[in-house]
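**Student:** I'd like to ask some things about the structure below.
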Amino acid sequence: MSKVFIGVGHGGSDPGAVSYLVEKDINLKMARYLAAYLQSCGVEVLMSRTVDEDDPLTEEIRECNAFRPDLAVDVHNNAGGGDGFECYYHFKGGTSKTLAENIEAEVIAIGQYSRGCRTRTGAGGKDYYGFIRETSCPAVICEGVFVDNAADAAQADTDEKCRQFGEAYARGILKTLGIIIPAAQPAVDVDLPTEQLSGRLYYVQVGAFADKMNAEALVAELVEKGYKAIIK
């Protein structure tokens, strides 16, 4: 069975880039859809986090190497006023470059502009990014959209749009692994705990009554339909 490690950028006290979107939140949404799609195709997956919690890069790298995956992908989103997707791969190319290009092709297919696949080196001519430099398998970093560009952020401002990115990444990974993508693409569903992603709870009032019996009747109706309801 093929194995893939998914790093989920930022989290907890580190929100990442914040503007029209909060990066840590959409990173997690995209990553969870990515993981679900891979699992539906028989790939074993480990995510660095599945909820909104602190997730240091050093811990991501440790978990990845202990898992011994075939490939690793770090899910991020961008900032700086640019536009479009980009993917970083190992400066020596190889499978890392192939993975980046396969993912890029799938992202273009869902309608997102690509700034290209690229490398970045630091001191001593080694990879600048630790996730690429220190993981023991071919790895890439995906930057889906620019959260500080209103038009680009709109490409990922709903669960469905995040699903499209996650599943595009998955198809690129499957192609790199040599796994045939089903003609009828798997239908996967992901339970996204919005309250954990944002760190906040949003309350919706559906009625106000002078007669307590009417309030109790509405609560009973909502509970019967599967909603949590209380009288305050």
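Ligands are numbered from 1 in the order shown, residues from 1 within each chain, and chains are lettered A, B, ... in the order they appear in the structure tokens.
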So which residues touch Ala139 of chain A within 6 Å, counting only C-alpha atoms, skipping near sequence neighbours fewer than 6 positions away, as a list in words?
**Tutor:**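 Non-adjacent residues within range: Leu71, Ala72, Val73, Ser96 and Ile132 of chain A.
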**Student:** Could those selected residues go to a file with all heavy atoms, as an mmCIF file, in the first residue's frame?
**Tutor:**
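Result file is selection-v2.cif:
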```cif
data_model
loop_
_atom_site.group_PDB
_atom_site.id
_atom_site.type_symbol
_atom_site.label_atom_id
_atom_site.label_comp_id
_atom_site.auth_asym_id
_atom_site.auth_seq_id
_atom_site.Cartn_x
_atom_site.Cartn_y
_atom_site.Cartn_z
ATOM 1 N N LEU A 71 5.565 9.662 -0.478
ATOM 2 C CA LEU A 71 5.547 11.072 -0.869
ATOM 3 C C LEU A 71 5.036 11.909 0.298
ATOM 4 O O LEU A 71 4.324 11.399 1.173
ATOM 5 C CB LEU A 71 4.626 11.303 -2.073
ATOM 6 C CG LEU A 71 4.919 10.549 -3.370
ATOM 7 C CD1 LEU A 71 3.775 10.761 -4.371
ATOM 8 C CD2 LEU A 71 6.239 10.992 -3.969
ATOM 9 N N ALA A 72 5.381 13.196 0.282
ATOM 10 C CA ALA A 72 4.875 14.117 1.300
ATOM 11 C C ALA A 72 4.464 15.432 0.646
ATOM 12 O O ALA A 72 5.151 15.925 -0.254
ATOM 13 C CB ALA A 72 5.930 14.374 2.373
ATOM 14 N N VAL A 73 3.358 15.982 1.110
ATOM 15 C CA VAL A 73 2.836 17.250 0.587
ATOM 16 C C VAL A 73 2.508 18.150 1.768
ATOM 17 O O VAL A 73 1.815 17.727 2.710
ATOM 18 C CB VAL A 73 1.565 17.023 -0.260
ATOM 19 C CG1 VAL A 73 0.960 18.344 -0.683
ATOM 20 C CG2 VAL A 73 1.884 16.168 -1.475
ATOM 21 N N SER A 96 10.262 14.678 -6.774
ATOM 22 C CA SER A 96 9.673 15.877 -6.183
ATOM 23 C C SER A 96 9.175 16.820 -7.278
ATOM 24 O O SER A 96 8.061 17.356 -7.192
ATOM 25 C CB SER A 96 10.716 16.580 -5.295
ATOM 26 O OG SER A 96 10.198 17.776 -4.766
ATOM 27 N N ILE A 132 10.901 20.407 2.694
ATOM 28 C CA ILE A 132 11.478 19.765 1.506
ATOM 29 C C ILE A 132 12.898 19.272 1.802
ATOM 30 O O ILE A 132 13.292 18.181 1.388
ATOM 31 C CB ILE A 132 11.480 20.735 0.313
ATOM 32 C CG1 ILE A 132 10.040 21.076 -0.092
ATOM 33 C CG2 ILE A 132 12.248 20.154 -0.873
ATOM 34 C CD1 ILE A 132 9.926 22.133 -1.168
#
```
**Student:** Excluding segment 57-67 of chain A and residues on its chain fewer than 4 positions from it, collect all residues at most 6 Å away from it, counting only C-alpha atoms, and give them as a list in words.
**Tutor:**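 Skipping anything fewer than 4 positions along the chain leaves Phe5, Ser48, Thr135 and Ser136 of chain A.
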**Student:** Run DSSP on the backbone of this structure and report the residues of segment 32-198 of chain A it assigns to helix (DSSP H, G or I), as a ChimeraX atom specification.
**Tutor:** /A:32-40,57-67,94-109,123-125,130-134,150-156,159-177,194-198
**Student:** For each of A:Lys29, A:Lys3, A:Arg49, A:Lys97, take the minimum atom-to-atom distance to Gly166 of chain A, counting only C-alpha atoms, then give the residue where this is smallest.
**Tutor:**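 Using only C-alpha atoms, the shortest distance to Gly166 of chain A belongs to A:Lys29.
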